[in-house]
Amino acid sequence: LAMTITRESLYAVPAEITDAGNFVWEVSQILDINADELYDRIAKHPDRQFIWVRRRLTDDQAKRIRNLNLPDRTWGFRREYLRQYPQGHIAAHALGMRDIDNVGHGGLEESLDGLIRGTAGTRVMTRDARGKVVQVEAALSETPQHGRTVISTIDVLTQIHSERLLAELMERWQPLGACVIVMDPHSGEVLAIASAPTFDPNHPESVPDDAWRNLAVSAVFEPGSTFKPFIVAWAMQQEKLQADEQISCFHGAYRMGKRILHDHHPYAKLSVEDVLVKSSNIGMARIAERIGLGQLHRATAAFGFGHRTGIELPGEVDGLVRPKADWDNYSLGSIPMGQELAVTPLQLITAHAALANGGRLVRPHLLLDSNSEQVAPTPLSSIDTVNASPGIESKIVRPEIADWIVRHPMKGVVERGTGKNARIDGMSIFGKTGTAQKPDPETGGYSNTKHVCSFICGAPAENPELLVLVMVDEPTADGLHYGGTVAAPTAARLLQFALNRLPHLSGRMTVRPEHDLPVRVR
């Protein structure tokens with residue numbers, strides 16, 4: 001995915017050039033550069049001993065320059081490093097890129113630059129009056145330190161398949177953007193992370209402005225119904241709700257103060273399981289009334305919302321959770337249905353990982369190994385960083401509660417609820433759909449035509465091994481714009497592929513230091 005080669009960079013010595021016109025003509029024909037601009041640079045600095053002409057030439061260009069009949073003292077080559085990305089746009093947002101001076105920007109290239117780059121050395125020498133070295137002061141010199149080998153959690157084939165499916169989704173639904181994440185819920189390892197529109201880090205000069213943004217860590221949206229399992233789990237954890245209860249849903253209309261809540265379909269009563277399977281807003285509001293605003297706010301913080309996860313990616317945002325003092329009785333109905341707060345896709349899949357792994361909130365990470373010292377999965381509560389949520393217990397809910405949420409209501413969502421488009425024969429899948437209306441700045445309310453569609457799923461329900469999240473921002477093509485129709489089919493296809501990859505995931509992609517090449521490590 002990322003490798004470093006050396007290339008020749010051409011410089012000129014204006015002080016030695018006597019025929020600038022001929023020099024510029026010969027060089028510009030080979031390098032396809034603006035001859036007038038190069039001539040002006042040479043003419044304006046006639047006493048200089050060095051100016052760059054073109055950095056990092058191709059092998060053919062360097063060969064043709066050498067074959068020119070240019071005076072030796074007027075030009076020369078310096079060897080420089082060039083970072084290349086043989087797979088083009090694959091994993092571009094996870095990797096980031098390096099500029100012409102080998103400075104990392106975005107992704108792992110930026111966040112792990114201190115590990116990969118290494119440090120320069122110095123050599124102290126004594127010269128005579130003519131500049132000849134007569135002694136090397138070894139005691140005062142410093143040896144350069146090579147960069148460290150970094151192994152990522154990314155599985156290359158899963159990443160490639162993720163991007164292919166994401167491209168198909170973008171073509172079919174024509175959204176503003178979309179992203180996918182594949183995660184191991186037990187370790188927090190991110191096996192694939194992709195955002196669209198994307199870019200080719202080999203050609204940064206042609207990247208559209210909207211392609212730089214990594215939606216997986218920077219998109220902020222109301223989670224909608226994907227938020228509901230957390231509130232049910234928390235209510236059960238606080239012993240305010242039992243799994244075998246029946247919740248009255250008042251035939252589809254329920255008054256909360258001045259507000260009347262509605263369900264898509266009228267229900268008299270629903271089991272706790274069916275409150276999630278049918279995605280009943282009234283059922284969720286009634287559960288929230290039992291725990292109150294204080295516990296509702298605690299549940300939101302406990303699952304990591306409102307704070308960055310701490311993944312090794314620049315550009316991650318906190319999401320948006322207002323202080324508890326700003327919540328009111330209206331919030332008691334809105335928060336449980338995933339409104340009045342905003343999350344990132346990475347926060348959402350990380351919170352669902354806590355349900356899939358038996359109740360532990362773990363930190364998602366892309367760094368698997370550095371110099372063969374494995375980085376163990378870290379409970380989010382033990383990370384001493386401003387990125388982590390303060391005061392969180394690593395155990396969010398009891399294992400039996402998390403298991404019940406996954407094996408029953410979330411499995412039911414796929415088998416007989418809003419996630420039926422994610423069903424795969426012979427596979428026990430659990431999931432939750434989310435369809436959130438986007439705010440309408442003109443009316444001050446919610447738009448009836450602009451949605452964020454999401455779907456989170458995993459398998460097998462009896463012992464989850466993988467999670468997949470697909471988020472689609474504002475699909476515009478014809479069709480029903482729901483999480484179950486827009487996002488679920490892509491998520492299911494990706495989940496099936498990733499599960500088939502599990503027996504082969506003993507190896508990981510390796511990013512070597514700048515002076516070395518990537519290899520596969522097993």
# chains A, B, ... in the order shown; residues from 1 in each chain; ligands from 1
$ select_by_dssp --residues "region 291-334 of chain A" --states "helix (DSSP H, G or I)" --output "list in words"
Ile291, Gly292, Leu293, Gly294, Gln295, Leu296, His297, Arg298, Ala299, Thr300, Ala301, Ala302, Lys324, Ala325, Asp326, Asn329, Tyr330, Ser331, Leu332, Gly333 and Ser334 of chain A
$ write_last_selection --atoms "N, CA and C atoms" --output "PDB file, in the first residue's frame"
ATOM      1  N   ILE A 291     -35.804   5.781  33.422  1.00  0.00           N
ATOM      2  CA  ILE A 291     -34.451   6.027  33.946  1.00  0.00           C
ATOM      3  C   ILE A 291     -34.195   7.506  34.201  1.00  0.00           C
ATOM      4  N   GLY A 292     -34.943   8.406  33.538  1.00  0.00           N
ATOM      5  CA  GLY A 292     -34.796   9.823  33.776  1.00  0.00           C
ATOM      6  C   GLY A 292     -33.634  10.445  33.019  1.00  0.00           C
ATOM      7  N   LEU A 293     -33.598  11.787  33.028  1.00  0.00           N
ATOM      8  CA  LEU A 293     -32.599  12.510  32.252  1.00  0.00           C
ATOM      9  C   LEU A 293     -31.173  12.243  32.741  1.00  0.00           C
ATOM     10  N   GLY A 294     -30.999  12.133  34.064  1.00  0.00           N
ATOM     11  CA  GLY A 294     -29.666  11.913  34.605  1.00  0.00           C
ATOM     12  C   GLY A 294     -29.040  10.630  34.101  1.00  0.00           C
ATOM     13  N   GLN A 295     -29.770   9.523  34.192  1.00  0.00           N
ATOM     14  CA  GLN A 295     -29.252   8.242  33.713  1.00  0.00           C
ATOM     15  C   GLN A 295     -29.160   8.214  32.191  1.00  0.00           C
ATOM     16  N   LEU A 296     -30.038   8.940  31.523  1.00  0.00           N
ATOM     17  CA  LEU A 296     -29.969   9.009  30.061  1.00  0.00           C
ATOM     18  C   LEU A 296     -28.661   9.674  29.632  1.00  0.00           C
ATOM     19  N   HIS A 297     -28.286  10.727  30.338  1.00  0.00           N
ATOM     20  CA  HIS A 297     -27.028  11.402  30.031  1.00  0.00           C
ATOM     21  C   HIS A 297     -25.838  10.516  30.380  1.00  0.00           C
ATOM     22  N   ARG A 298     -25.920   9.791  31.492  1.00  0.00           N
ATOM     23  CA  ARG A 298     -24.841   8.884  31.874  1.00  0.00           C
ATOM     24  C   ARG A 298     -24.662   7.773  30.844  1.00  0.00           C
ATOM     25  N   ALA A 299     -25.773   7.267  30.330  1.00  0.00           N
ATOM     26  CA  ALA A 299     -25.694   6.212  29.316  1.00  0.00           C
ATOM     27  C   ALA A 299     -24.977   6.716  28.071  1.00  0.00           C
ATOM     28  N   THR A 300     -25.303   7.939  27.659  1.00  0.00           N
ATOM     29  CA  THR A 300     -24.680   8.513  26.473  1.00  0.00           C
ATOM     30  C   THR A 300     -23.168   8.642  26.648  1.00  0.00           C
ATOM     31  N   ALA A 301     -22.750   9.122  27.812  1.00  0.00           N
ATOM     32  CA  ALA A 301     -21.318   9.272  28.076  1.00  0.00           C
ATOM     33  C   ALA A 301     -20.640   7.921  28.241  1.00  0.00           C
ATOM     34  N   ALA A 302     -21.321   6.974  28.884  1.00  0.00           N
ATOM     35  CA  ALA A 302     -20.710   5.670  29.158  1.00  0.00           C
ATOM     36  C   ALA A 302     -20.364   4.927  27.880  1.00  0.00           C
ATOM     37  N   LYS A 324     -25.721  18.160  30.354  1.00  0.00           N
ATOM     38  CA  LYS A 324     -26.982  17.682  30.929  1.00  0.00           C
ATOM     39  C   LYS A 324     -27.902  18.850  31.320  1.00  0.00           C
ATOM     40  N   ALA A 325     -27.309  19.983  31.716  1.00  0.00           N
ATOM     41  CA  ALA A 325     -28.117  21.129  32.115  1.00  0.00           C
ATOM     42  C   ALA A 325     -28.967  21.662  30.969  1.00  0.00           C
ATOM     43  N   ASP A 326     -28.561  21.372  29.737  1.00  0.00           N
ATOM     44  CA  ASP A 326     -29.305  21.842  28.570  1.00  0.00           C
ATOM     45  C   ASP A 326     -30.369  20.854  28.114  1.00  0.00           C
ATOM     46  N   ASN A 329     -37.404  17.984  29.199  1.00  0.00           N
ATOM     47  CA  ASN A 329     -38.369  16.892  28.978  1.00  0.00           C
ATOM     48  C   ASN A 329     -38.513  16.552  27.502  1.00  0.00           C
ATOM     49  N   TYR A 330     -38.268  17.530  26.635  1.00  0.00           N
ATOM     50  CA  TYR A 330     -38.283  17.236  25.199  1.00  0.00           C
ATOM     51  C   TYR A 330     -37.156  16.268  24.854  1.00  0.00           C
ATOM     52  N   SER A 331     -36.008  16.462  25.521  1.00  0.00           N
ATOM     53  CA  SER A 331     -34.869  15.569  25.302  1.00  0.00           C
ATOM     54  C   SER A 331     -35.188  14.146  25.728  1.00  0.00           C
ATOM     55  N   LEU A 332     -36.034  14.012  26.735  1.00  0.00           N
ATOM     56  CA  LEU A 332     -36.389  12.683  27.228  1.00  0.00           C
ATOM     57  C   LEU A 332     -37.063  11.848  26.143  1.00  0.00           C
ATOM     58  N   GLY A 333     -37.704  12.494  25.181  1.00  0.00           N
ATOM     59  CA  GLY A 333     -38.302  11.771  24.071  1.00  0.00           C
ATOM     60  C   GLY A 333     -37.395  11.692  22.860  1.00  0.00           C
ATOM     61  N   SER A 334     -36.521  12.686  22.692  1.00  0.00           N
ATOM     62  CA  SER A 334     -35.691  12.758  21.483  1.00  0.00           C
ATOM     63  C   SER A 334     -34.422  11.921  21.572  1.00  0.00           C
TER      64      SER A 334
END
$ residues_around --residues "region 202-212 of chain A" --least-positions-apart "5" --cutoff "12 Å" --atoms "only C-alpha atoms" --output "mmCIF file with all heavy atoms, in the first residue's frame"
data_model
loop_
_atom_site.group_PDB
_atom_site.id
_atom_site.type_symbol
_atom_site.label_atom_id
_atom_site.label_comp_id
_atom_site.auth_asym_id
_atom_site.auth_seq_id
_atom_site.Cartn_x
_atom_site.Cartn_y
_atom_site.Cartn_z
ATOM 1 N N LEU A 1 0.814 -1.217 0.000
ATOM 2 C CA LEU A 1 0.000 0.000 0.000
ATOM 3 C C LEU A 1 0.848 1.268 0.000
ATOM 4 O O LEU A 1 0.472 2.270 -0.572
ATOM 5 C CB LEU A 1 -0.933 0.017 1.226
ATOM 6 C CG LEU A 1 -2.094 -0.972 1.202
ATOM 7 C CD1 LEU A 1 -2.871 -0.880 2.501
ATOM 8 C CD2 LEU A 1 -3.003 -0.725 0.020
ATOM 9 N N ALA A 2 1.976 1.250 0.689
ATOM 10 C CA ALA A 2 2.840 2.423 0.739
ATOM 11 C C ALA A 2 4.285 1.967 0.712
ATOM 12 O O ALA A 2 4.675 1.079 1.475
ATOM 13 C CB ALA A 2 2.565 3.238 2.002
ATOM 14 N N MET A 3 5.076 2.554 -0.152
ATOM 15 C CA MET A 3 6.479 2.172 -0.258
ATOM 16 C C MET A 3 7.302 3.404 -0.638
ATOM 17 O O MET A 3 6.759 4.398 -1.133
ATOM 18 C CB MET A 3 6.672 1.085 -1.311
ATOM 19 C CG MET A 3 6.229 1.478 -2.714
ATOM 20 S SD MET A 3 6.310 0.116 -3.884
ATOM 21 C CE MET A 3 8.083 -0.153 -3.952
ATOM 22 N N THR A 4 8.587 3.325 -0.376
ATOM 23 C CA THR A 4 9.473 4.442 -0.656
ATOM 24 C C THR A 4 10.565 4.008 -1.623
ATOM 25 O O THR A 4 11.174 2.958 -1.439
ATOM 26 C CB THR A 4 10.109 4.973 0.642
ATOM 27 O OG1 THR A 4 9.068 5.436 1.498
ATOM 28 C CG2 THR A 4 11.052 6.123 0.357
ATOM 29 N N LEU A 82 11.076 9.179 -2.523
ATOM 30 C CA LEU A 82 9.750 9.416 -3.089
ATOM 31 C C LEU A 82 8.799 8.364 -2.542
ATOM 32 O O LEU A 82 9.026 7.163 -2.718
ATOM 33 C CB LEU A 82 9.783 9.329 -4.623
ATOM 34 C CG LEU A 82 8.423 9.397 -5.322
ATOM 35 C CD1 LEU A 82 7.769 10.754 -5.076
ATOM 36 C CD2 LEU A 82 8.568 9.133 -6.813
ATOM 37 N N ARG A 83 7.745 8.813 -1.858
ATOM 38 C CA ARG A 83 6.737 7.902 -1.333
ATOM 39 C C ARG A 83 5.765 7.563 -2.449
ATOM 40 O O ARG A 83 5.254 8.448 -3.139
ATOM 41 C CB ARG A 83 5.990 8.578 -0.181
ATOM 42 C CG ARG A 83 5.202 7.629 0.696
ATOM 43 C CD ARG A 83 6.074 6.694 1.460
ATOM 44 N NE ARG A 83 5.500 6.299 2.746
ATOM 45 C CZ ARG A 83 6.084 5.445 3.551
ATOM 46 N NH1 ARG A 83 7.224 4.870 3.208
ATOM 47 N NH2 ARG A 83 5.538 5.137 4.709
ATOM 48 N N GLN A 84 5.512 6.271 -2.651
ATOM 49 C CA GLN A 84 4.576 5.820 -3.680
ATOM 50 C C GLN A 84 3.483 4.965 -3.058
ATOM 51 O O GLN A 84 3.698 4.288 -2.049
ATOM 52 C CB GLN A 84 5.308 5.026 -4.760
ATOM 53 C CG GLN A 84 6.159 5.875 -5.688
ATOM 54 C CD GLN A 84 6.599 5.100 -6.912
ATOM 55 O OE1 GLN A 84 6.840 3.895 -6.861
ATOM 56 N NE2 GLN A 84 6.704 5.788 -8.038
ATOM 57 N N TYR A 85 2.323 5.003 -3.685
ATOM 58 C CA TYR A 85 1.157 4.248 -3.240
ATOM 59 C C TYR A 85 0.688 3.383 -4.414
ATOM 60 O O TYR A 85 -0.126 3.821 -5.234
ATOM 61 C CB TYR A 85 0.060 5.194 -2.758
ATOM 62 C CG TYR A 85 0.562 6.106 -1.649
ATOM 63 C CD1 TYR A 85 1.156 7.335 -1.950
ATOM 64 C CD2 TYR A 85 0.487 5.716 -0.319
ATOM 65 C CE1 TYR A 85 1.646 8.150 -0.947
ATOM 66 C CE2 TYR A 85 0.978 6.536 0.697
ATOM 67 C CZ TYR A 85 1.551 7.743 0.372
ATOM 68 O OH TYR A 85 2.046 8.548 1.381
ATOM 69 N N PRO A 86 1.237 2.151 -4.523
ATOM 70 C CA PRO A 86 0.984 1.315 -5.705
ATOM 71 C C PRO A 86 -0.491 0.999 -5.934
ATOM 72 O O PRO A 86 -0.885 0.760 -7.071
ATOM 73 C CB PRO A 86 1.777 0.032 -5.404
ATOM 74 C CG PRO A 86 2.823 0.451 -4.431
ATOM 75 C CD PRO A 86 2.196 1.518 -3.605
ATOM 76 N N GLN A 87 -1.292 0.988 -4.867
ATOM 77 C CA GLN A 87 -2.711 0.678 -5.014
ATOM 78 C C GLN A 87 -3.568 1.918 -5.261
ATOM 79 O O GLN A 87 -4.792 1.835 -5.212
ATOM 80 C CB GLN A 87 -3.217 -0.069 -3.773
ATOM 81 C CG GLN A 87 -2.530 -1.393 -3.515
ATOM 82 C CD GLN A 87 -2.790 -2.408 -4.617
ATOM 83 O OE1 GLN A 87 -3.810 -2.365 -5.284
ATOM 84 N NE2 GLN A 87 -1.856 -3.332 -4.795
ATOM 85 N N GLY A 88 -2.933 3.052 -5.475
ATOM 86 C CA GLY A 88 -3.694 4.262 -5.783
ATOM 87 C C GLY A 88 -4.543 4.718 -4.621
ATOM 88 O O GLY A 88 -4.048 4.991 -3.526
ATOM 89 N N HIS A 89 -5.854 4.780 -4.839
ATOM 90 C CA HIS A 89 -6.754 5.334 -3.828
ATOM 91 C C HIS A 89 -7.070 4.378 -2.693
ATOM 92 O O HIS A 89 -7.696 4.787 -1.706
ATOM 93 C CB HIS A 89 -8.067 5.759 -4.501
ATOM 94 C CG HIS A 89 -8.891 4.595 -4.976
ATOM 95 N ND1 HIS A 89 -8.668 3.957 -6.180
ATOM 96 C CD2 HIS A 89 -9.927 3.931 -4.385
ATOM 97 C CE1 HIS A 89 -9.538 2.971 -6.314
ATOM 98 N NE2 HIS A 89 -10.305 2.926 -5.250
ATOM 99 N N ILE A 90 -6.666 3.121 -2.785
ATOM 100 C CA ILE A 90 -7.017 2.135 -1.756
ATOM 101 C C ILE A 90 -6.418 2.559 -0.414
ATOM 102 O O ILE A 90 -5.222 2.782 -0.289
ATOM 103 C CB ILE A 90 -6.523 0.725 -2.138
ATOM 104 C CG1 ILE A 90 -7.174 0.270 -3.450
ATOM 105 C CG2 ILE A 90 -6.800 -0.270 -1.023
ATOM 106 C CD1 ILE A 90 -8.677 0.172 -3.407
ATOM 107 N N ALA A 92 -6.634 5.299 1.113
ATOM 108 C CA ALA A 92 -6.022 6.632 1.077
ATOM 109 C C ALA A 92 -6.263 7.405 2.366
ATOM 110 O O ALA A 92 -5.358 8.053 2.898
ATOM 111 C CB ALA A 92 -6.561 7.425 -0.116
ATOM 112 N N HIS A 93 -7.485 7.360 2.895
ATOM 113 C CA HIS A 93 -7.782 8.125 4.105
ATOM 114 C C HIS A 93 -7.131 7.519 5.347
ATOM 115 O O HIS A 93 -6.829 8.235 6.305
ATOM 116 C CB HIS A 93 -9.298 8.223 4.308
ATOM 117 C CG HIS A 93 -9.971 9.122 3.320
ATOM 118 N ND1 HIS A 93 -10.590 8.645 2.174
ATOM 119 C CD2 HIS A 93 -10.120 10.469 3.285
ATOM 120 C CE1 HIS A 93 -11.089 9.653 1.502
ATOM 121 N NE2 HIS A 93 -10.818 10.775 2.143
ATOM 122 N N ALA A 94 -6.913 6.221 5.342
ATOM 123 C CA ALA A 94 -6.225 5.590 6.474
ATOM 124 C C ALA A 94 -4.733 5.870 6.423
ATOM 125 O O ALA A 94 -4.096 6.082 7.460
ATOM 126 C CB ALA A 94 -6.481 4.088 6.473
ATOM 127 N N LEU A 95 -4.170 5.873 5.225
ATOM 128 C CA LEU A 95 -2.729 6.061 5.075
ATOM 129 C C LEU A 95 -2.308 7.520 5.103
ATOM 130 O O LEU A 95 -1.269 7.858 5.661
ATOM 131 C CB LEU A 95 -2.260 5.447 3.751
ATOM 132 C CG LEU A 95 -2.320 3.935 3.644
ATOM 133 C CD1 LEU A 95 -2.035 3.501 2.220
ATOM 134 C CD2 LEU A 95 -1.335 3.290 4.604
ATOM 135 N N GLY A 96 -3.109 8.414 4.507
ATOM 136 C CA GLY A 96 -2.660 9.771 4.302
ATOM 137 C C GLY A 96 -1.649 9.829 3.171
ATOM 138 O O GLY A 96 -1.648 8.970 2.282
ATOM 139 N N MET A 97 -0.761 10.784 3.206
ATOM 140 C CA MET A 97 0.220 10.929 2.125
ATOM 141 C C MET A 97 1.418 11.732 2.639
ATOM 142 O O MET A 97 1.384 12.319 3.717
ATOM 143 C CB MET A 97 -0.400 11.638 0.928
ATOM 144 C CG MET A 97 -0.996 12.994 1.259
ATOM 145 S SD MET A 97 -1.381 13.971 -0.186
ATOM 146 C CE MET A 97 0.271 14.475 -0.665
ATOM 147 N N ARG A 98 2.485 11.726 1.843
ATOM 148 C CA ARG A 98 3.658 12.544 2.137
ATOM 149 C C ARG A 98 3.870 13.535 1.002
ATOM 150 O O ARG A 98 3.731 13.191 -0.160
ATOM 151 C CB ARG A 98 4.902 11.662 2.317
ATOM 152 C CG ARG A 98 4.838 10.858 3.594
ATOM 153 C CD ARG A 98 6.106 10.077 3.880
ATOM 154 N NE ARG A 98 5.972 9.426 5.171
ATOM 155 C CZ ARG A 98 6.295 9.998 6.329
ATOM 156 N NH1 ARG A 98 6.799 11.199 6.331
ATOM 157 N NH2 ARG A 98 6.116 9.356 7.462
ATOM 158 N N ASP A 99 4.217 14.768 1.393
ATOM 159 C CA ASP A 99 4.420 15.794 0.375
ATOM 160 C C ASP A 99 5.817 15.681 -0.228
ATOM 161 O O ASP A 99 6.564 14.742 0.063
ATOM 162 C CB ASP A 99 4.158 17.192 0.945
ATOM 163 C CG ASP A 99 5.119 17.559 2.069
ATOM 164 O OD1 ASP A 99 6.202 16.937 2.179
ATOM 165 O OD2 ASP A 99 4.785 18.478 2.843
ATOM 166 N N ILE A 100 6.182 16.642 -1.045
ATOM 167 C CA ILE A 100 7.444 16.560 -1.771
ATOM 168 C C ILE A 100 8.653 16.575 -0.838
ATOM 169 O O ILE A 100 9.731 16.109 -1.175
ATOM 170 C CB ILE A 100 7.533 17.707 -2.802
ATOM 171 C CG1 ILE A 100 8.642 17.435 -3.808
ATOM 172 C CG2 ILE A 100 7.717 19.053 -2.107
ATOM 173 C CD1 ILE A 100 8.615 18.352 -5.001
ATOM 174 N N HIS A 105 1.027 13.936 5.855
ATOM 175 C CA HIS A 105 -0.209 14.707 5.982
ATOM 176 C C HIS A 105 -1.386 13.737 5.985
ATOM 177 O O HIS A 105 -1.588 12.984 5.034
ATOM 178 C CB HIS A 105 -0.365 15.692 4.822
ATOM 179 C CG HIS A 105 0.686 16.749 4.766
ATOM 180 N ND1 HIS A 105 0.662 17.879 5.562
ATOM 181 C CD2 HIS A 105 1.823 16.840 4.032
ATOM 182 C CE1 HIS A 105 1.717 18.617 5.304
ATOM 183 N NE2 HIS A 105 2.438 18.009 4.380
ATOM 184 N N GLY A 106 -2.150 13.745 7.063
ATOM 185 C CA GLY A 106 -3.332 12.902 7.144
ATOM 186 C C GLY A 106 -2.985 11.447 7.412
ATOM 187 O O GLY A 106 -1.876 10.970 7.109
ATOM 188 N N GLY A 107 -3.929 10.710 7.980
ATOM 189 C CA GLY A 107 -3.788 9.271 8.165
ATOM 190 C C GLY A 107 -2.582 8.883 8.996
ATOM 191 O O GLY A 107 -2.020 9.659 9.783
ATOM 192 N N LEU A 176 -23.968 12.592 -1.035
ATOM 193 C CA LEU A 176 -22.895 13.566 -0.875
ATOM 194 C C LEU A 176 -21.604 12.874 -0.472
ATOM 195 O O LEU A 176 -20.511 13.309 -0.840
ATOM 196 C CB LEU A 176 -23.268 14.608 0.189
ATOM 197 C CG LEU A 176 -24.503 15.468 -0.090
ATOM 198 C CD1 LEU A 176 -24.690 16.483 1.037
ATOM 199 C CD2 LEU A 176 -24.369 16.185 -1.424
ATOM 200 N N GLY A 177 -21.733 11.795 0.294
ATOM 201 C CA GLY A 177 -20.572 11.039 0.736
ATOM 202 C C GLY A 177 -21.015 9.786 1.457
ATOM 203 O O GLY A 177 -22.198 9.615 1.770
ATOM 204 N N ALA A 178 -20.072 8.907 1.741
ATOM 205 C CA ALA A 178 -20.380 7.657 2.446
ATOM 206 C C ALA A 178 -19.079 7.107 3.039
ATOM 207 O O ALA A 178 -17.980 7.471 2.614
ATOM 208 C CB ALA A 178 -21.016 6.633 1.507
ATOM 209 N N CYS A 179 -19.219 6.218 3.998
ATOM 210 C CA CYS A 179 -18.038 5.577 4.575
ATOM 211 C C CYS A 179 -18.401 4.188 5.079
ATOM 212 O O CYS A 179 -19.575 3.886 5.320
ATOM 213 C CB CYS A 179 -17.436 6.404 5.709
ATOM 214 S SG CYS A 179 -18.434 6.463 7.206
ATOM 215 N N ALA A 194 -12.900 3.138 5.049
ATOM 216 C CA ALA A 194 -12.897 3.805 3.747
ATOM 217 C C ALA A 194 -13.920 4.922 3.736
ATOM 218 O O ALA A 194 -14.976 4.820 4.371
ATOM 219 C CB ALA A 194 -13.202 2.805 2.629
ATOM 220 N N SER A 195 -13.604 5.967 3.010
ATOM 221 C CA SER A 195 -14.477 7.131 2.905
ATOM 222 C C SER A 195 -14.567 7.542 1.448
ATOM 223 O O SER A 195 -13.595 7.433 0.693
ATOM 224 C CB SER A 195 -13.904 8.282 3.749
ATOM 225 O OG SER A 195 -14.702 9.455 3.649
ATOM 226 N N ALA A 196 -15.739 7.996 1.041
ATOM 227 C CA ALA A 196 -15.934 8.457 -0.339
ATOM 228 C C ALA A 196 -16.661 9.804 -0.318
ATOM 229 O O ALA A 196 -17.539 10.001 0.517
ATOM 230 C CB ALA A 196 -16.758 7.428 -1.130
ATOM 231 N N PRO A 197 -16.269 10.742 -1.197
ATOM 232 C CA PRO A 197 -15.286 10.606 -2.263
ATOM 233 C C PRO A 197 -13.881 10.371 -1.713
ATOM 234 O O PRO A 197 -13.566 10.783 -0.612
ATOM 235 C CB PRO A 197 -15.359 11.947 -3.001
ATOM 236 C CG PRO A 197 -16.496 12.689 -2.434
ATOM 237 C CD PRO A 197 -16.858 12.082 -1.151
ATOM 238 N N SER A 218 -14.794 12.147 10.923
ATOM 239 C CA SER A 218 -15.127 13.574 10.974
ATOM 240 C C SER A 218 -16.576 13.893 10.629
ATOM 241 O O SER A 218 -17.033 15.006 10.904
ATOM 242 C CB SER A 218 -14.205 14.361 10.035
ATOM 243 O OG SER A 218 -14.442 14.004 8.685
ATOM 244 N N PRO A 314 -5.524 11.581 12.458
ATOM 245 C CA PRO A 314 -5.791 13.004 12.656
ATOM 246 C C PRO A 314 -7.158 13.370 12.108
ATOM 247 O O PRO A 314 -7.702 12.691 11.242
ATOM 248 C CB PRO A 314 -4.673 13.683 11.859
ATOM 249 C CG PRO A 314 -4.284 12.679 10.820
ATOM 250 C CD PRO A 314 -4.502 11.323 11.445
ATOM 251 N N GLY A 315 -7.722 14.427 12.625
ATOM 252 C CA GLY A 315 -9.003 14.916 12.118
ATOM 253 C C GLY A 315 -10.214 14.341 12.808
ATOM 254 O O GLY A 315 -11.347 14.678 12.434
#
$ residues_around --residues "Ile17 (chain A)" --least-positions-apart "3" --cutoff "12 Å" --atoms "only C-alpha atoms" --output "list in words"
Ala12, Val13, Pro14, Ala20, Gly21, Asn22, Phe23, Val24, Tyr39, Ile42, Ala43, His45, Pro46, Asp47, Arg48, Gln49, Phe50, Leu70, Pro71, Asp72, Arg73, Thr74 and Trp75 of chain A
$ atom_distance --atom1 "CA of Trp25 (chain A)" --atom2 "CA of Arg56 (chain A)"
19.7 Å
$ residues_around --residues "region 274-284 of chain A" --least-positions-apart "2" --cutoff "9 Å" --atoms "only C-alpha atoms" --output "ChimeraX atom specification"
/A:225,228-229,231-232,247-250,252-254,261-265,267,269-272,286-289,333-334,336-337,409-414,416-419,432-433
$ select_by_dssp --residues "region 192-229 of chain A" --states "strand (DSSP E)" --output "PDB file with all heavy atoms, in the first residue's frame"
ATOM      1  N   ALA A 192     -10.741  -2.539   8.088  1.00  0.00           N
ATOM      2  CA  ALA A 192     -10.933  -1.721   6.881  1.00  0.00           C
ATOM      3  C   ALA A 192     -11.630  -0.437   7.285  1.00  0.00           C
ATOM      4  O   ALA A 192     -12.504  -0.445   8.154  1.00  0.00           O
ATOM      5  CB  ALA A 192     -11.745  -2.471   5.826  1.00  0.00           C
ATOM      6  N   ILE A 193     -11.235   0.657   6.656  1.00  0.00           N
ATOM      7  CA  ILE A 193     -11.882   1.947   6.898  1.00  0.00           C
ATOM      8  C   ILE A 193     -11.770   2.748   5.606  1.00  0.00           C
ATOM      9  O   ILE A 193     -10.670   2.961   5.094  1.00  0.00           O
ATOM     10  CB  ILE A 193     -11.258   2.679   8.100  1.00  0.00           C
ATOM     11  CG1 ILE A 193     -11.979   3.986   8.399  1.00  0.00           C
ATOM     12  CG2 ILE A 193      -9.761   2.887   7.917  1.00  0.00           C
ATOM     13  CD1 ILE A 193     -11.588   4.599   9.746  1.00  0.00           C
ATOM     14  N   ALA A 194     -12.900   3.138   5.049  1.00  0.00           N
ATOM     15  CA  ALA A 194     -12.897   3.805   3.747  1.00  0.00           C
ATOM     16  C   ALA A 194     -13.920   4.922   3.736  1.00  0.00           C
ATOM     17  O   ALA A 194     -14.976   4.820   4.371  1.00  0.00           O
ATOM     18  CB  ALA A 194     -13.202   2.805   2.629  1.00  0.00           C
ATOM     19  N   SER A 195     -13.604   5.967   3.010  1.00  0.00           N
ATOM     20  CA  SER A 195     -14.477   7.131   2.905  1.00  0.00           C
ATOM     21  C   SER A 195     -14.567   7.542   1.448  1.00  0.00           C
ATOM     22  O   SER A 195     -13.595   7.433   0.693  1.00  0.00           O
ATOM     23  CB  SER A 195     -13.904   8.282   3.749  1.00  0.00           C
ATOM     24  OG  SER A 195     -14.702   9.455   3.649  1.00  0.00           O
ATOM     25  N   ALA A 196     -15.739   7.996   1.041  1.00  0.00           N
ATOM     26  CA  ALA A 196     -15.934   8.457  -0.339  1.00  0.00           C
ATOM     27  C   ALA A 196     -16.661   9.804  -0.318  1.00  0.00           C
ATOM     28  O   ALA A 196     -17.539  10.001   0.517  1.00  0.00           O
ATOM     29  CB  ALA A 196     -16.758   7.428  -1.130  1.00  0.00           C
TER      30      ALA A 196
END
